$ cat input22.cif   # mmCIF, C-alpha atoms
data_target
loop_
_atom_site.label_atom_id
_atom_site.label_comp_id
_atom_site.auth_asym_id
_atom_site.auth_seq_id
_atom_site.Cartn_x
_atom_site.Cartn_y
_atom_site.Cartn_z
CA MET A 1 -24.38 6.42 12.06
CA GLU A 2 -27.87 7.88 12.36
CA TYR A 3 -28.67 9.23 15.80
CA SER A 4 -32.07 9.46 17.41
CA SER A 5 -32.36 11.20 20.76
CA GLY A 6 -34.99 8.65 21.71
CA LYS A 7 -32.62 5.71 21.62
CA VAL A 8 -31.80 4.28 24.98
CA LEU A 9 -28.14 4.57 25.72
CA VAL A 10 -27.12 1.05 26.48
CA VAL A 11 -23.54 0.46 27.49
CA ILE A 12 -21.54 -2.63 28.19
CA VAL A 13 -18.97 -2.45 30.93
CA ILE A 14 -15.51 -3.70 30.20
CA PHE A 15 -12.20 -3.32 31.92
CA PHE A 16 -8.97 -3.12 30.05
CA MET A 17 -5.56 -1.74 30.84
CA ALA A 18 -4.42 1.68 29.74
CA ILE A 19 -3.34 1.58 26.12
CA MET A 20 0.04 2.81 25.05
CA VAL A 21 2.06 2.55 21.88
CA THR A 22 5.82 2.69 22.24
CA GLN A 23 7.02 6.27 21.91
CA THR A 24 9.97 7.17 19.79
CA ASN A 25 11.24 10.39 18.33
CA GLY A 26 11.45 11.05 14.64
CA ASP A 27 9.46 11.74 11.52
CA CYS A 28 6.49 10.18 9.80
CA ALA A 29 6.08 9.40 6.12
CA TYR A 30 2.49 10.63 6.40
CA ASP A 31 2.12 14.39 6.62
CA ALA A 32 -1.67 14.27 6.53
CA ILE A 33 -4.75 12.11 7.02
CA PHE A 34 -7.82 12.25 4.79
CA VAL A 35 -10.90 10.55 6.22
CA PHE A 36 -14.08 9.35 4.49
CA GLY A 37 -17.03 7.75 6.23
CA ASP A 38 -19.92 8.15 8.62
CA SER A 39 -20.33 8.97 12.31
CA ASN A 40 -17.76 6.36 13.30
CA SER A 41 -15.16 8.78 11.87
CA ASP A 42 -16.96 12.15 11.84
CA THR A 43 -15.16 14.85 13.85
CA GLY A 44 -17.85 17.49 13.38
CA GLY A 45 -18.84 17.58 9.72
CA PHE A 46 -22.51 16.68 10.12
CA TYR A 47 -23.10 19.25 12.83
CA ALA A 48 -21.29 21.91 10.85
CA ALA A 49 -24.06 21.55 8.26
CA PHE A 50 -27.10 20.79 10.40
CA PRO A 51 -28.52 21.70 13.85
CA PRO A 52 -25.96 21.64 16.66
CA GLN A 53 -25.28 18.54 18.70
CA SER A 54 -26.43 18.42 22.33
CA GLY A 55 -25.01 16.81 25.44
CA PRO A 56 -23.98 14.47 26.91
CA TYR A 57 -21.92 13.98 23.74
CA GLY A 58 -18.36 15.18 24.23
CA MET A 59 -18.49 14.99 28.01
CA THR A 60 -15.30 12.96 28.47
CA TYR A 61 -12.58 14.83 26.61
CA PHE A 62 -13.98 18.06 25.21
CA ASN A 63 -16.37 18.76 28.10
CA LYS A 64 -18.93 19.87 25.52
CA PRO A 65 -20.45 18.52 22.28
CA SER A 66 -17.77 18.40 19.59
CA GLY A 67 -19.73 16.97 16.69
CA ARG A 68 -18.45 13.46 17.44
CA SER A 69 -20.97 10.68 18.08
CA THR A 70 -19.39 9.56 21.32
CA ASP A 71 -18.45 10.79 24.77
CA GLY A 72 -15.02 12.01 23.61
CA ARG A 73 -12.74 11.27 20.69
CA VAL A 74 -13.20 8.89 17.78
CA PHE A 75 -10.57 6.48 16.50
CA VAL A 76 -9.22 8.85 13.81
CA ASP A 77 -8.38 11.36 16.56
CA PHE A 78 -6.20 8.75 18.22
CA LEU A 79 -4.78 7.64 14.88
CA ALA A 80 -3.67 11.21 14.19
CA GLN A 81 -2.18 11.47 17.67
CA GLY A 82 -0.23 8.26 17.17
CA LEU A 83 1.22 9.62 13.94
CA GLY A 84 2.14 12.93 15.57
CA LEU A 85 -0.54 14.88 13.70
CA PRO A 86 -3.33 17.18 14.94
CA HIS A 87 -7.00 16.18 14.85
CA THR A 88 -8.38 16.23 11.32
CA THR A 89 -10.51 19.29 10.62
CA PRO A 90 -13.99 18.59 9.20
CA TYR A 91 -14.13 19.66 5.57
CA LEU A 92 -17.49 21.34 6.19
CA GLN A 93 -16.19 23.44 9.09
CA SER A 94 -15.88 27.03 7.92
CA MET A 95 -14.50 28.60 11.10
CA ALA A 96 -11.03 28.01 12.57
CA SER A 97 -10.22 25.45 9.89
CA ASP A 98 -6.70 24.11 9.45
CA PHE A 99 -6.22 21.72 6.55
CA ARG A 100 -2.42 21.66 6.55
CA HIS A 101 -2.45 18.06 7.78
CA GLY A 102 -5.51 16.74 6.01
CA ALA A 103 -9.28 16.94 6.15
CA ASN A 104 -12.18 14.85 7.39
CA TYR A 105 -15.01 14.37 4.90
CA ALA A 106 -16.93 11.87 7.03
CA THR A 107 -20.38 12.93 8.24
CA ALA A 108 -22.77 11.18 10.57
CA ALA A 109 -25.50 9.11 8.89
CA SER A 110 -23.58 8.89 5.60
CA THR A 111 -23.94 5.95 3.25
CA VAL A 112 -22.09 4.44 0.33
CA ALA A 113 -25.21 4.50 -1.83
CA GLN A 114 -26.87 7.73 -2.88
CA PRO A 115 -29.78 8.42 -0.48
CA SER A 116 -33.24 8.44 -2.02
CA THR A 117 -34.79 10.87 0.45
CA SER A 118 -34.02 13.94 2.54
CA VAL A 119 -32.03 14.08 5.75
CA PHE A 120 -35.06 15.79 7.28
CA VAL A 121 -37.24 12.76 6.48
CA THR A 122 -35.06 9.78 7.35
CA GLY A 123 -31.99 11.33 8.98
CA VAL A 124 -29.67 9.97 6.27
CA SER A 125 -26.89 12.39 5.38
CA PRO A 126 -26.78 13.85 1.86
CA PHE A 127 -22.97 13.56 1.98
CA TYR A 128 -22.71 9.99 0.74
CA LEU A 129 -19.37 8.51 -0.26
CA ALA A 130 -19.28 9.77 -3.87
CA ILE A 131 -20.01 13.30 -2.65
CA GLN A 132 -17.18 13.04 -0.13
CA ILE A 133 -14.83 11.98 -2.91
CA ASN A 134 -15.99 14.91 -5.04
CA GLN A 135 -15.28 17.22 -2.10
CA MET A 136 -11.79 15.77 -1.93
CA LYS A 137 -11.25 16.37 -5.65
CA ASN A 138 -12.39 19.97 -5.26
CA PHE A 139 -10.10 20.38 -2.25
CA LYS A 140 -7.09 19.21 -4.23
CA ALA A 141 -7.98 21.49 -7.13
CA LYS A 142 -8.19 24.47 -4.77
CA VAL A 143 -4.87 23.59 -3.12
CA ASP A 144 -3.23 23.47 -6.54
CA GLU A 145 -4.89 26.76 -7.53
CA LEU A 146 -4.09 28.67 -4.33
CA GLN A 147 -0.57 27.37 -3.72
CA SER A 148 0.98 30.65 -4.84
CA GLN A 149 -1.33 32.90 -2.80
CA GLY A 150 0.14 32.18 0.61
CA GLN A 151 -2.90 30.46 2.13
CA SER A 152 -1.71 29.52 5.62
CA ASN A 153 -4.37 26.91 6.42
CA LEU A 154 -3.82 24.74 3.35
CA PRO A 155 -1.30 21.93 2.80
CA LYS A 156 1.46 21.94 0.25
CA PRO A 157 0.45 20.59 -3.16
CA ASP A 158 2.63 17.50 -2.76
CA ILE A 159 0.74 16.43 0.38
CA PHE A 160 -1.58 14.06 -1.47
CA GLY A 161 1.13 11.53 -2.20
CA LYS A 162 2.36 11.68 1.39
CA ALA A 163 -0.97 11.20 3.14
CA LEU A 164 -2.82 8.34 4.78
CA TYR A 165 -6.36 7.78 3.47
CA VAL A 166 -8.99 6.13 5.67
CA ILE A 167 -12.39 4.82 4.51
CA TYR A 168 -14.88 3.53 7.09
CA ILE A 169 -18.42 3.43 5.72
CA GLY A 170 -21.26 1.05 4.84
CA GLN A 171 -22.84 0.46 8.21
CA ASN A 172 -25.77 2.82 7.56
CA ASP A 173 -26.49 1.11 4.24
CA PHE A 174 -26.58 -2.24 6.05
CA THR A 175 -28.62 -1.22 9.09
CA GLY A 176 -31.02 0.91 7.05
CA LEU A 177 -32.15 -2.16 5.14
CA ALA A 178 -31.48 -5.04 7.51
CA GLY A 179 -34.47 -4.45 9.75
CA SER A 180 -36.94 -4.87 6.90
CA ALA A 181 -35.03 -7.15 4.53
CA GLY A 182 -33.53 -9.43 7.17
CA PRO A 183 -30.02 -10.88 7.22
CA GLY A 184 -30.56 -12.60 3.88
CA GLY A 185 -32.17 -9.75 1.99
CA VAL A 186 -29.60 -7.18 3.07
CA LYS A 187 -27.00 -9.05 1.05
CA ASP A 188 -28.61 -7.72 -2.13
CA ILE A 189 -26.89 -4.36 -1.59
CA PHE A 190 -23.40 -5.82 -1.13
CA PRO A 191 -22.38 -5.45 -4.80
CA GLN A 192 -23.37 -1.77 -4.69
CA LEU A 193 -21.37 -1.18 -1.50
CA LEU A 194 -18.32 -2.92 -2.90
CA TRP A 195 -18.53 -1.02 -6.19
CA GLY A 196 -18.88 2.31 -4.38
CA THR A 197 -15.95 1.58 -2.09
CA THR A 198 -13.59 0.42 -4.83
CA SER A 199 -14.60 3.36 -7.03
CA ALA A 200 -13.66 5.69 -4.18
CA ILE A 201 -10.29 3.99 -3.76
CA ARG A 202 -9.56 4.32 -7.47
CA GLU A 203 -10.39 8.03 -7.36
CA LEU A 204 -8.12 8.55 -4.35
CA TYR A 205 -5.38 6.72 -6.21
CA ARG A 206 -5.81 9.10 -9.16
CA LEU A 207 -5.47 12.01 -6.75
CA GLY A 208 -2.14 10.66 -5.57
CA GLY A 209 -3.15 8.41 -2.70
CA ARG A 210 -0.79 5.49 -2.21
CA THR A 211 -1.68 4.26 1.28
CA ILE A 212 -5.40 3.65 1.62
CA MET A 213 -7.02 1.84 4.54
CA ALA A 214 -10.49 0.35 4.16
CA LEU A 215 -12.01 -0.63 7.50
CA ASN A 216 -14.47 -3.49 7.50
CA MET A 217 -17.95 -3.39 9.01
CA GLY A 218 -18.42 -3.80 12.74
CA PRO A 219 -20.49 -6.54 14.44
CA VAL A 220 -23.82 -4.70 14.23
CA GLY A 221 -25.60 -7.75 15.64
CA CYS A 222 -23.95 -6.87 18.97
CA TYR A 223 -24.97 -3.20 19.01
CA PRO A 224 -27.62 -2.65 21.69
CA ALA A 225 -29.84 -0.43 19.52
CA PHE A 226 -30.08 -3.08 16.82
CA LEU A 227 -30.76 -5.82 19.34
CA VAL A 228 -33.99 -3.89 19.90
CA GLN A 229 -34.68 -2.98 16.26
CA PHE A 230 -33.77 -6.14 14.33
CA PRO A 231 -36.30 -8.99 14.45
CA HIS A 232 -34.79 -12.18 15.85
CA SER A 233 -35.55 -15.19 18.00
CA PRO A 234 -33.83 -16.17 21.25
CA SER A 235 -32.22 -19.08 19.43
CA ASP A 236 -30.49 -16.55 17.13
CA LEU A 237 -28.43 -15.10 19.98
CA ASP A 238 -24.89 -16.22 20.68
CA SER A 239 -23.30 -16.63 24.10
CA ALA A 240 -22.62 -12.87 24.30
CA GLY A 241 -26.21 -11.94 23.41
CA CYS A 242 -25.35 -10.86 19.84
CA ILE A 243 -27.64 -11.69 16.91
CA THR A 244 -25.83 -14.44 15.04
CA SER A 245 -27.67 -14.14 11.72
CA TYR A 246 -26.93 -10.43 11.29
CA ASN A 247 -23.32 -10.82 12.35
CA ASN A 248 -22.99 -13.67 9.85
CA ALA A 249 -24.32 -11.34 7.14
CA VAL A 250 -21.73 -8.74 8.17
CA ASN A 251 -19.05 -11.44 8.00
CA ASP A 252 -20.17 -12.27 4.46
CA TYR A 253 -19.82 -8.64 3.45
CA ASN A 254 -16.41 -8.34 5.09
CA ASP A 255 -15.20 -11.47 3.27
CA GLN A 256 -16.33 -9.98 -0.02
CA LEU A 257 -14.64 -6.68 0.81
CA ARG A 258 -11.42 -8.50 1.64
CA ASN A 259 -11.50 -10.40 -1.66
CA THR A 260 -12.38 -7.28 -3.64
CA LEU A 261 -9.47 -5.35 -2.16
CA HIS A 262 -7.18 -8.27 -2.96
CA GLN A 263 -8.19 -7.99 -6.60
CA LEU A 264 -7.79 -4.20 -6.52
CA ARG A 265 -4.19 -4.55 -5.36
CA GLY A 266 -3.45 -6.35 -8.60
CA GLU A 267 -4.71 -3.30 -10.47
CA LEU A 268 -3.06 -0.62 -8.32
CA LYS A 269 0.28 -2.33 -7.90
CA ASP A 270 2.24 0.61 -6.48
CA ALA A 271 -0.31 1.37 -3.75
CA ASN A 272 -0.81 -0.01 -0.26
CA ILE A 273 -4.48 -1.02 -0.20
CA ILE A 274 -5.01 -2.24 3.36
CA TYR A 275 -7.97 -4.21 4.68
CA VAL A 276 -8.44 -3.30 8.36
CA ASP A 277 -10.26 -5.84 10.52
CA THR A 278 -11.86 -3.58 13.12
CA ASN A 279 -14.75 -6.05 13.34
CA SER A 280 -12.60 -8.52 15.27
CA VAL A 281 -11.49 -5.81 17.71
CA LEU A 282 -15.03 -4.67 18.46
CA LYS A 283 -16.43 -8.18 18.61
CA GLU A 284 -13.82 -9.11 21.18
CA LEU A 285 -14.94 -6.18 23.34
CA TYR A 286 -18.61 -7.12 23.07
CA HIS A 287 -17.95 -10.78 23.75
CA ASN A 288 -16.07 -10.05 26.96
CA PRO A 289 -18.28 -7.68 28.97
CA THR A 290 -18.56 -7.71 32.73
CA ALA A 291 -22.01 -6.11 32.96
CA HIS A 292 -24.92 -4.66 30.99
CA VAL A 293 -26.45 -1.36 32.09
CA PHE A 294 -28.68 1.39 30.74
CA CYS A 295 -26.91 4.68 30.30
CA GLY A 296 -27.99 7.73 28.33
CA SER A 297 -31.33 9.22 27.36
CA THR A 298 -35.00 8.33 26.91
CA LYS A 299 -36.84 5.65 24.92
CA ASP A 300 -40.39 4.34 24.74
CA ILE A 301 -40.38 0.60 25.34
CA ASP A 302 -43.71 -1.26 25.04
CA GLY A 303 -45.61 1.86 26.00
CA THR A 304 -43.37 2.70 28.95
CA THR A 305 -41.00 5.66 28.89
CA VAL A 306 -37.60 4.64 30.19
CA THR A 307 -35.09 7.34 31.09
CA ALA A 308 -31.42 6.95 31.95
CA SER A 309 -28.65 9.45 32.56
CA ALA A 310 -25.21 9.45 31.00
CA CYS A 311 -22.64 7.33 32.76
CA GLY A 312 -20.16 9.23 34.84
CA ASP A 313 -17.40 6.79 33.89
CA PRO A 314 -17.83 5.95 30.17
CA GLU A 315 -14.16 4.91 30.02
CA LYS A 316 -15.30 1.56 31.44
CA TYR A 317 -17.85 0.94 28.68
CA VAL A 318 -17.96 -0.25 25.07
CA SER A 319 -21.22 1.19 23.73
CA TRP A 320 -21.96 4.87 24.16
CA ASP A 321 -25.45 5.31 22.72
CA GLY A 322 -26.42 1.86 21.51
CA VAL A 323 -24.87 2.41 18.05
CA HIS A 324 -21.58 4.20 18.60
CA VAL A 325 -18.75 3.07 20.83
CA THR A 326 -17.16 5.06 23.63
CA GLU A 327 -13.91 6.99 23.49
CA ALA A 328 -12.29 4.08 25.36
CA ALA A 329 -13.34 1.62 22.66
CA ASN A 330 -12.26 4.06 19.93
CA ARG A 331 -8.85 4.27 21.59
CA HIS A 332 -8.63 0.48 21.62
CA MET A 333 -9.42 0.38 17.89
CA ALA A 334 -6.75 2.97 17.13
CA TYR A 335 -4.21 1.13 19.25
CA ASN A 336 -4.67 -2.02 17.18
CA ILE A 337 -4.33 -0.03 13.97
CA LEU A 338 -1.17 1.76 15.11
CA ALA A 339 0.26 -1.55 16.32
CA SER A 340 -0.40 -3.01 12.83
CA ARG A 341 -2.26 -5.97 14.34
CA ILE A 342 -5.36 -6.11 12.13
CA PHE A 343 -4.07 -5.51 8.61
CA GLU A 344 -4.31 -7.62 5.49
CA PRO A 345 -1.87 -7.89 3.90
CA ALA A 346 0.68 -7.36 6.65
CA PHE A 347 1.73 -3.72 6.87
CA ASP A 348 4.08 -2.39 9.54
CA MET A 349 3.24 1.24 10.30
CA SER A 350 6.33 1.59 12.48
CA LYS A 351 8.45 1.33 9.31
CA TYR A 352 6.80 4.50 8.02
CA CYS A 353 6.30 6.47 11.23
CA ASP A 354 7.67 6.78 14.71
CA ILE A 355 4.52 5.95 16.64
CA HIS A 356 3.61 8.26 19.52
CA PRO A 357 1.64 7.40 22.65
CA ILE A 358 -2.13 7.69 22.53
CA GLY A 359 -4.27 8.51 25.50
#
$ encode --input "input22.cif" --output "structure tokens"
Amino acid sequence: MEYSSGKVLVVIVIFFMAIMVTQTNGDCAYDAIFVFGDSNSDTGGFYAAFPPQSGPYGMTYFNKPSGRSTDGRVFVDFLAQGLGLPHTTPYLQSMASDFRHGANYATAASTVAQPSTSVFVTGVSPFYLAIQINQMKNFKAKVDELQSQGQSNLPKPDIFGKALYVIYIGQNDFTGLAGSAGPGGVKDIFPQLLWGTTSAIRELYRLGGRTIMALNMGPVGCYPAFLVQFPHSPSDLDSAGCITSYNNAVNDYNDQLRNTLHQLRGELKDANIIYVDTNSVLKELYHNPTAHVFCGSTKDIDGTTVTASACGDPEKYVSWDGVHVTEAANRHMAYNILASRIFEPAFDMSKYCDIHPIG
């Protein structure tokens, strides 16, 4: 998602037990992961193209900024670990790249719709979903072309039919309009988001993709930054302090996405098109906090400059910077995916892979 250094870093404390998926030995049907999306999935693509990221991002795991919009790893890092694969290399990363097990096309601030202005004006990434898909098509063409030249950092040409494809995007489209259009007006862009997402899935299918996960939109009405930005009345807040009207609008979009994917399965009958309900996982975390604290950087609030430092123990928190979740919350998301708990239709990943521990 878009990042502004002026946003107060608001975090919500939670406590949950260490997460572990049963470890077994063996192989996985997926030799690679290809990722498409925004900063929820970006492992360094945006900052490979634009000015470098600063701290305290990356403080938990990498001990330095890694291009991820959190304190450590994002959910696709844990997903790869659970499948016994290395972290996905950003497609835009030119140095030390290793694409043998997939590529990550996601970039922070990306949208489904084509942006109408420059990244230097609004902060919206030029690498919207259709561009990411075009990058994937070019990648496959180059793999096919260079297969006989002994390129050591590229996958085998048959990798595309043996890969897991992950799409997690749309939040920037929603939040970019919701503040001005309101929870009712933002629904006008839903057909465009659904068309863009299904078009991407069809293109991935043509490239050989047969297991494609589409993650739904998170409960943005619970995200601390949007609690400040989105107009609302006290009566519009639920028991957890989330904005009901905006979360209801998100629920409407997710219902439409679910129905659209159901129809798409009838068209792509030999593919696993999986709706992933990450919204329910994140909402559960936000609805069961034990405290609310400020944690992060500086923001001007009603004429007063408020400054907070990064939390020394982000593993106890849900929200990292008011928009993005912590490594701990990302791990929790990945755990539910690897445990096949939030899929529609039902899809048992353990039948395709021996799941490894994540941590």
$ closest_residue --input "input22.cif" --among "A:Asn247, A:Ser235, A:Gln114, A:Asn288" --to "Thr175 (chain A)" --atoms "all atoms listed in the file"
A:Asn247
$ resolve_selection --input "input22.cif" --expression "the PyMOL selection byres ((chain A and resi 74-76) around 8)" --output "PyMOL selection string"
chain A and resi 35+40-43+68-70+72-73+77-80+87-88+327+330-331+333-334
$ closest_residue --input "input22.cif" --among "A:Asn248, A:Asn134, A:Ser94, A:Ser125" --to "Gly184 (chain A)" --atoms "only C-alpha atoms"
A:Asn248
$ residues_around --input "input22.cif" --residues "region 335-350 of chain A" --least-positions-apart "3" --cutoff "6 Å" --atoms "all atoms listed in the file" --output "list in words"
Ile274, Tyr275, Val276, Asp277, His332, Cys353 and Asp354 of chain A
$ residues_around --input "input22.cif" --residues "Phe160 (chain A)" --least-positions-apart "6" --cutoff "7 Å" --atoms "all atoms listed in the file" --output "PyMOL selection string"
chain A and resi 207-209
$ write_last_selection --input "input22.cif" --atoms "C-alpha atoms" --output "PDB file, keeping the file's coordinate frame"
ATOM      1  CA  LEU A 207      -5.470  12.010  -6.750  1.00  0.00           C
ATOM      2  CA  GLY A 208      -2.140  10.660  -5.570  1.00  0.00           C
ATOM      3  CA  GLY A 209      -3.150   8.410  -2.700  1.00  0.00           C
TER       4      GLY A 209
END
$ decode --input "input22.cif" --residues "region 247-270 of chain A" --atoms "N, CA, C and O atoms" --output "mmCIF file, in the first residue's frame"
data_model
loop_
_atom_site.group_PDB
_atom_site.id
_atom_site.type_symbol
_atom_site.label_atom_id
_atom_site.label_comp_id
_atom_site.auth_asym_id
_atom_site.auth_seq_id
_atom_site.Cartn_x
_atom_site.Cartn_y
_atom_site.Cartn_z
ATOM 1 N N ASN A 247 -16.042 -1.295 6.248
ATOM 2 C CA ASN A 247 -15.867 -2.750 6.265
ATOM 3 C C ASN A 247 -17.015 -3.449 5.560
ATOM 4 O O ASN A 247 -16.818 -4.492 4.924
ATOM 5 N N ASN A 248 -18.216 -2.895 5.647
ATOM 6 C CA ASN A 248 -19.348 -3.471 4.911
ATOM 7 C C ASN A 248 -19.126 -3.345 3.402
ATOM 8 O O ASN A 248 -19.470 -4.250 2.634
ATOM 9 N N ALA A 249 -18.547 -2.212 2.984
ATOM 10 C CA ALA A 249 -18.252 -2.037 1.559
ATOM 11 C C ALA A 249 -17.205 -3.052 1.107
ATOM 12 O O ALA A 249 -17.305 -3.629 0.017
ATOM 13 N N VAL A 250 -16.200 -3.280 1.940
ATOM 14 C CA VAL A 250 -15.195 -4.309 1.643
ATOM 15 C C VAL A 250 -15.860 -5.676 1.545
ATOM 16 O O VAL A 250 -15.553 -6.462 0.636
ATOM 17 N N ASN A 251 -16.776 -5.957 2.466
ATOM 18 C CA ASN A 251 -17.481 -7.249 2.434
ATOM 19 C C ASN A 251 -18.270 -7.413 1.144
ATOM 20 O O ASN A 251 -18.326 -8.517 0.576
ATOM 21 N N ASP A 252 -18.866 -6.320 0.671
ATOM 22 C CA ASP A 252 -19.598 -6.382 -0.601
ATOM 23 C C ASP A 252 -18.654 -6.733 -1.747
ATOM 24 O O ASP A 252 -18.983 -7.564 -2.617
ATOM 25 N N TYR A 253 -17.488 -6.098 -1.753
ATOM 26 C CA TYR A 253 -16.521 -6.417 -2.804
ATOM 27 C C TYR A 253 -16.073 -7.871 -2.714
ATOM 28 O O TYR A 253 -16.005 -8.585 -3.722
ATOM 29 N N ASN A 254 -15.780 -8.319 -1.513
ATOM 30 C CA ASN A 254 -15.311 -9.697 -1.348
ATOM 31 C C ASN A 254 -16.373 -10.703 -1.773
ATOM 32 O O ASN A 254 -16.048 -11.756 -2.348
ATOM 33 N N ASP A 255 -17.640 -10.406 -1.502
ATOM 34 C CA ASP A 255 -18.722 -11.291 -1.955
ATOM 35 C C ASP A 255 -18.763 -11.355 -3.479
ATOM 36 O O ASP A 255 -18.946 -12.432 -4.068
ATOM 37 N N GLN A 256 -18.589 -10.200 -4.112
ATOM 38 C CA GLN A 256 -18.593 -10.168 -5.572
ATOM 39 C C GLN A 256 -17.379 -10.902 -6.140
ATOM 40 O O GLN A 256 -17.483 -11.591 -7.159
ATOM 41 N N LEU A 257 -16.232 -10.753 -5.487
ATOM 42 C CA LEU A 257 -15.042 -11.482 -5.929
ATOM 43 C C LEU A 257 -15.258 -12.988 -5.804
ATOM 44 O O LEU A 257 -14.930 -13.755 -6.717
ATOM 45 N N ARG A 258 -15.821 -13.405 -4.686
ATOM 46 C CA ARG A 258 -16.100 -14.831 -4.486
ATOM 47 C C ARG A 258 -17.011 -15.365 -5.593
ATOM 48 O O ARG A 258 -16.743 -16.424 -6.183
ATOM 49 N N ASN A 259 -18.069 -14.640 -5.897
ATOM 50 C CA ASN A 259 -19.017 -15.081 -6.924
ATOM 51 C C ASN A 259 -18.382 -15.079 -8.311
ATOM 52 O O ASN A 259 -18.640 -15.977 -9.126
ATOM 53 N N THR A 260 -17.557 -14.076 -8.570
ATOM 54 C CA THR A 260 -16.892 -13.992 -9.872
ATOM 55 C C THR A 260 -15.926 -15.151 -10.071
ATOM 56 O O THR A 260 -15.847 -15.741 -11.166
ATOM 57 N N LEU A 261 -15.191 -15.496 -9.030
ATOM 58 C CA LEU A 261 -14.261 -16.627 -9.128
ATOM 59 C C LEU A 261 -15.014 -17.941 -9.304
ATOM 60 O O LEU A 261 -14.543 -18.856 -9.996
ATOM 61 N N HIS A 262 -16.185 -18.041 -8.672
ATOM 62 C CA HIS A 262 -17.013 -19.231 -8.848
ATOM 63 C C HIS A 262 -17.396 -19.399 -10.318
ATOM 64 O O HIS A 262 -17.326 -20.516 -10.873
ATOM 65 N N GLN A 263 -17.769 -18.307 -10.949
ATOM 66 C CA GLN A 263 -18.115 -18.361 -12.369
ATOM 67 C C GLN A 263 -16.892 -18.691 -13.222
ATOM 68 O O GLN A 263 -16.988 -19.445 -14.209
ATOM 69 N N LEU A 264 -15.737 -18.161 -12.835
ATOM 70 C CA LEU A 264 -14.516 -18.383 -13.608
ATOM 71 C C LEU A 264 -14.099 -19.850 -13.561
ATOM 72 O O LEU A 264 -13.542 -20.378 -14.539
ATOM 73 N N ARG A 265 -14.385 -20.516 -12.463
ATOM 74 C CA ARG A 265 -14.050 -21.939 -12.370
ATOM 75 C C ARG A 265 -14.811 -22.753 -13.418
ATOM 76 O O ARG A 265 -14.316 -23.777 -13.899
ATOM 77 N N GLY A 266 -16.008 -22.313 -13.746
ATOM 78 C CA GLY A 266 -16.767 -23.002 -14.777
ATOM 79 C C GLY A 266 -16.142 -22.842 -16.145
ATOM 80 O O GLY A 266 -16.333 -23.682 -17.030
ATOM 81 N N GLU A 267 -15.381 -21.785 -16.325
ATOM 82 C CA GLU A 267 -14.699 -21.525 -17.597
ATOM 83 C C GLU A 267 -13.348 -22.236 -17.665
ATOM 84 O O GLU A 267 -12.992 -22.793 -18.712
ATOM 85 N N LEU A 268 -12.613 -22.198 -16.547
ATOM 86 C CA LEU A 268 -11.279 -22.807 -16.504
ATOM 87 C C LEU A 268 -11.361 -24.090 -15.677
ATOM 88 O O LEU A 268 -10.878 -24.171 -14.553
ATOM 89 N N LYS A 269 -11.969 -25.092 -16.245
ATOM 90 C CA LYS A 269 -12.374 -26.276 -15.487
ATOM 91 C C LYS A 269 -11.213 -27.101 -14.961
ATOM 92 O O LYS A 269 -11.367 -27.821 -13.958
ATOM 93 N N ASP A 270 -10.045 -27.043 -15.609
ATOM 94 C CA ASP A 270 -8.925 -27.871 -15.157
ATOM 95 C C ASP A 270 -7.950 -27.098 -14.256
ATOM 96 O O ASP A 270 -6.832 -27.539 -14.022
#
